[in-house]
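What follows is a set of notes on a single structure, which appears directly below.
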Amino acid sequence: MKRRTKVVWLSVLAVAVIGTVAWFMTRPPKRLYETEAVSRATVMQTVSVTGELVPKSYADLSYASVGTVGKVLVTRGDTVKKGQTVATLDTSVLRSQLHDAQIALDIAVEAEKLARRGWDSLKPEEREAKKLTTEQARQKVRTLGTQIAEADIVSPMDGVVTRLDLREGETAIAGSIVGRVSAGEGLILESRVPEADVTKLHDGMEGDVTFDALTKDDVFRSEIYEIEPSATVVQDVVSYVTRFRMADADSRLREGMSATIDIVTAKAENALSVPFRAVTRQGSKAFVDVSPDGISSERREVMLGIEGDEGTIEIKSGLSEGESVVVAKVK
């Protein structure tokens, strides 16, 4: 009886072993790679910048020196002529200083005249000191005169005052924009494009525009018509003023509105494309790993095209549509 039981157990064990071996031999091999198919798509590269609606022709107003605002002679919405004074600084202190400086100059001039009566008896350094004293007094008069002349903000053009942030008695900061005169020739978009992006732009490029004040469904068309050749540096950030012509502006748009402009800088339609993560670079060359079954792979050199904004890149040669490329290893 024991012998028969032992034979039965051995038979069961043998069947189990044979079944296990057969299962391991017939099961599909484990995939080693995640893959994606090479497909055709439109690959686009865009530059996105912020901008502001400004008049086509305008001039920003600022003081050339620091001081206290004395009088504001216009208000927002007023029409002004070229050369018209918009606002002035309080120059009472400057004029008092100029009066004292003029007296000091007169004294220095008279002192030099007296000294010249015995000019030949003076040492060279004494003569030089007399002339220097007079010149210093004259320079102070010039400086104060210039400061008084710069105390007025004058409109550089005919137009309408569209901005004005000035109050009598407040301190004016040199160079700080306090107003704007607009010529009323329509609105354009003005953007400061970073130096890393401006090389991708040129006149005639079109962009889609959305405004913070409107919905995302309100998309307007624009076109670059001017890129300033010289840079603007603000807090060590280099940018280039770029101007866009609005193709379909409407009555909802107002001066000063903020906008986002998306400009297509490169586009390839019906192009072979793969995900960025499928590409590896070695020096100037690019490679992808092709895996038809997710188990074995073949490294292949490819020629790249446009790097798109949607995480894909154009393949110009080295792959065919429908092939599977490795994007990651299976964990």
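Order determines the names: the first chain of the structure tokens is A, the second B, and so forth; residues in each chain are numbered 1 upward, and ligands are numbered 1 upward as they are shown.
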Exercise. Apply DSSP to the structure's backbone, then extract all residues of range 39-239 of chain A labelled alpha helix (DSSP H) and return them as JSON, numbers by chain.
Key: {"A": [92, 93, 94, 95, 96, 97, 98, 99, 100, 101, 102, 103, 104, 105, 106, 107, 108, 109, 110, 111, 112, 113, 114, 115, 116, 117, 124, 125, 126, 127, 128, 129, 130, 131, 132, 133, 134, 135, 136, 137, 138, 139, 140, 141, 142, 143, 144, 145, 146, 147, 148, 149, 195, 196, 197, 198]}
Practice problem: Give me the residues within 12 Å of range 118-134 of chain A as a list of chain:residue names, counting only C-alpha atoms and dropping any in the same chain fewer than 4 places off. | Solution: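 The residues satisfying every condition are A:Ala101, A:Gln102, A:Ile103, A:Ala104, A:Leu105, A:Asp106, A:Ile107, A:Ala108, A:Val109, A:Glu110, A:Ala111, A:Glu112, A:Lys113, A:Leu114, A:Arg138, A:Gln139, A:Lys140, A:Val141.
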Please report, as CSV, each residue of range 33-115 of chain A lying at most 12 Å from range 217-237 of chain A, together with the nearest pair of atoms and the separation in Å rounded to one decimal; use only C-alpha atoms, and order rows by chain and ascending residue number.
residue,atom,partner,partner_atom,distance
A:Gly51,CA,A:Ser222,CA,11.6
A:Leu53,CA,A:Ser222,CA,11.8
A:Lys56,CA,A:Glu226,CA,11.6
Write to file, as a PDB file, in the first residue's frame, the residues of the selection just made, with C-alpha atoms.
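Saved the output as result-v9.pdb:
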ATOM      1  CA  GLY A  51       3.048  92.440 -25.107  1.00  0.00           C
ATOM      2  CA  LEU A  53      -1.312  97.566 -26.799  1.00  0.00           C
ATOM      3  CA  LYS A  56       1.324 103.456 -33.260  1.00  0.00           C
TER       4      LYS A  56
END
Quiz item: What is the distance, in Å and to one decimal place, between CA of Gly322 in chain A and CA of Ala268 in chain A?
Solution: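 CA of Gly322 in chain A sits 18.5 Å away from CA of Ala268 in chain A.
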Quick one: DSSP strand (DSSP E or B) residues in range 26-257 of chain A, as a short mmCIF file (atom, residue, chain, number, x, y, z; two decimals) with C-alpha atoms, in the first residue's frame?
data_model
loop_
_atom_site.label_atom_id
_atom_site.label_comp_id
_atom_site.auth_asym_id
_atom_site.auth_seq_id
_atom_site.Cartn_x
_atom_site.Cartn_y
_atom_site.Cartn_z
CA TYR A 33 11.16 48.31 -23.59
CA GLU A 34 8.28 50.73 -23.84
CA THR A 35 7.87 51.77 -27.47
CA GLU A 36 5.96 54.26 -29.57
CA ALA A 37 5.29 54.15 -33.29
CA SER A 39 3.97 58.60 -37.04
CA ARG A 40 3.23 61.55 -39.27
CA ALA A 41 2.13 64.84 -37.73
CA THR A 42 2.48 68.60 -38.00
CA VAL A 43 5.49 69.64 -35.95
CA MET A 44 5.55 73.29 -34.91
CA GLN A 45 8.01 75.45 -33.05
CA THR A 46 6.65 78.62 -31.48
CA VAL A 47 7.89 81.58 -29.48
CA SER A 48 5.49 82.92 -26.85
CA VAL A 49 5.96 86.49 -25.60
CA THR A 50 3.94 89.06 -23.70
CA GLY A 51 3.05 92.44 -25.11
CA GLU A 52 1.05 95.60 -24.58
CA LEU A 53 -1.31 97.57 -26.80
CA VAL A 54 0.24 100.97 -27.47
CA PRO A 55 -0.45 103.79 -29.93
CA TYR A 58 3.55 108.01 -29.07
CA ALA A 59 6.08 109.57 -26.71
CA ASP A 60 6.55 108.74 -23.04
CA LEU A 61 7.18 111.68 -20.73
CA SER A 62 9.68 111.81 -17.87
CA GLY A 67 12.72 117.46 -7.82
CA THR A 68 9.35 118.39 -6.41
CA VAL A 69 6.46 118.70 -8.86
CA GLY A 70 5.44 122.36 -8.95
CA LYS A 71 2.59 122.60 -11.46
CA VAL A 72 0.70 120.12 -13.64
CA THR A 79 -4.86 117.82 -26.68
CA VAL A 80 -1.32 119.26 -26.68
CA THR A 85 4.74 122.52 -21.34
CA VAL A 86 2.96 119.65 -19.63
CA ALA A 87 4.31 120.00 -16.08
CA THR A 88 7.06 121.78 -14.16
CA LEU A 89 9.21 121.19 -11.12
CA ASP A 152 9.80 121.48 -17.51
CA ILE A 153 8.29 118.45 -19.24
CA VAL A 154 7.58 119.50 -22.82
CA GLY A 159 -1.25 114.55 -29.76
CA VAL A 160 -3.47 113.63 -26.85
CA VAL A 161 -2.36 113.02 -23.26
CA THR A 162 -3.40 109.39 -22.75
CA ARG A 163 -1.49 108.81 -19.50
CA LEU A 164 -0.54 111.14 -16.68
CA THR A 171 8.78 113.97 -5.62
CA ALA A 172 9.67 113.33 -9.24
CA ILE A 177 7.85 107.68 -16.96
CA VAL A 178 5.01 109.87 -15.70
CA GLY A 179 2.88 110.32 -18.82
CA ARG A 180 2.33 109.62 -22.51
CA VAL A 181 1.30 111.67 -25.52
CA SER A 182 -0.30 109.68 -28.34
CA LEU A 187 -3.02 100.78 -31.80
CA ILE A 188 -0.21 98.27 -32.25
CA LEU A 189 1.29 95.55 -30.07
CA GLU A 190 4.70 96.17 -28.55
CA SER A 191 6.73 93.40 -26.93
CA ARG A 192 10.18 93.07 -25.38
CA VAL A 193 11.50 89.81 -26.83
CA PRO A 194 14.40 88.11 -24.96
CA GLU A 206 2.38 86.07 -37.93
CA GLY A 207 1.23 85.44 -34.39
CA ASP A 208 -1.96 84.53 -32.53
CA VAL A 209 -2.87 87.08 -29.86
CA THR A 210 -4.99 86.66 -26.74
CA PHE A 211 -5.69 89.43 -24.24
CA PHE A 220 -6.59 87.90 -32.95
CA ARG A 221 -4.06 87.84 -35.76
CA SER A 222 -0.93 89.97 -35.77
CA GLU A 223 2.17 90.42 -37.90
CA ILE A 224 5.68 91.57 -37.02
CA TYR A 225 6.58 94.74 -38.87
CA GLU A 226 9.54 96.08 -36.88
CA ILE A 227 12.29 94.68 -34.64
CA THR A 232 17.02 97.34 -24.26
CA VAL A 233 18.58 96.33 -20.93
CA VAL A 234 16.38 96.30 -17.81
CA VAL A 237 17.94 91.39 -18.88
CA VAL A 238 18.60 91.99 -22.58
CA SER A 239 15.58 92.27 -24.86
CA TYR A 240 14.59 93.77 -28.21
CA VAL A 241 11.47 95.87 -28.74
CA THR A 242 9.34 94.13 -31.36
CA ARG A 243 6.22 95.68 -32.88
CA PHE A 244 3.20 93.84 -34.27
CA ARG A 245 0.50 95.14 -36.58
CA MET A 246 -3.01 94.04 -35.56
#
Quiz item: Distance CA of Met205 in chain A-CA of Ala266 in chain A, one decimal place?
Solution: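 Answer for the CA of Met205 in chain A to CA of Ala266 in chain A separation: 10.2 Å.
The shortest atom-to-atom distance to Ser96 in chain A, with only C-alpha atoms taken into account, belongs to A:Leu144 out of A:Leu144, A:Gly305, A:Val326, A:Lys316.
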Exercise. Find the residues around range 277-282 of chain A up to 8 Å (only C-alpha atoms counted), leave out those fewer than 3 positions away in its own chain, and share them as a list of chain:residue names.
Key: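 The neighbour list is A:Val274, A:Lys285, A:Ala286, A:Phe287, A:Val288, A:Asp289, A:Val325, A:Val326, A:Val327, A:Ala328.
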Exercise. Determine, counting only C-alpha atoms, which protein, DNA and RNA residues have an atom within 12 Å of an atom of Ile148 in chain A; residues of the same chain fewer than 5 positions away are not included. Present the result as number ranges by chain.
Key: A: 63-67, 88-98, 141-143, 153
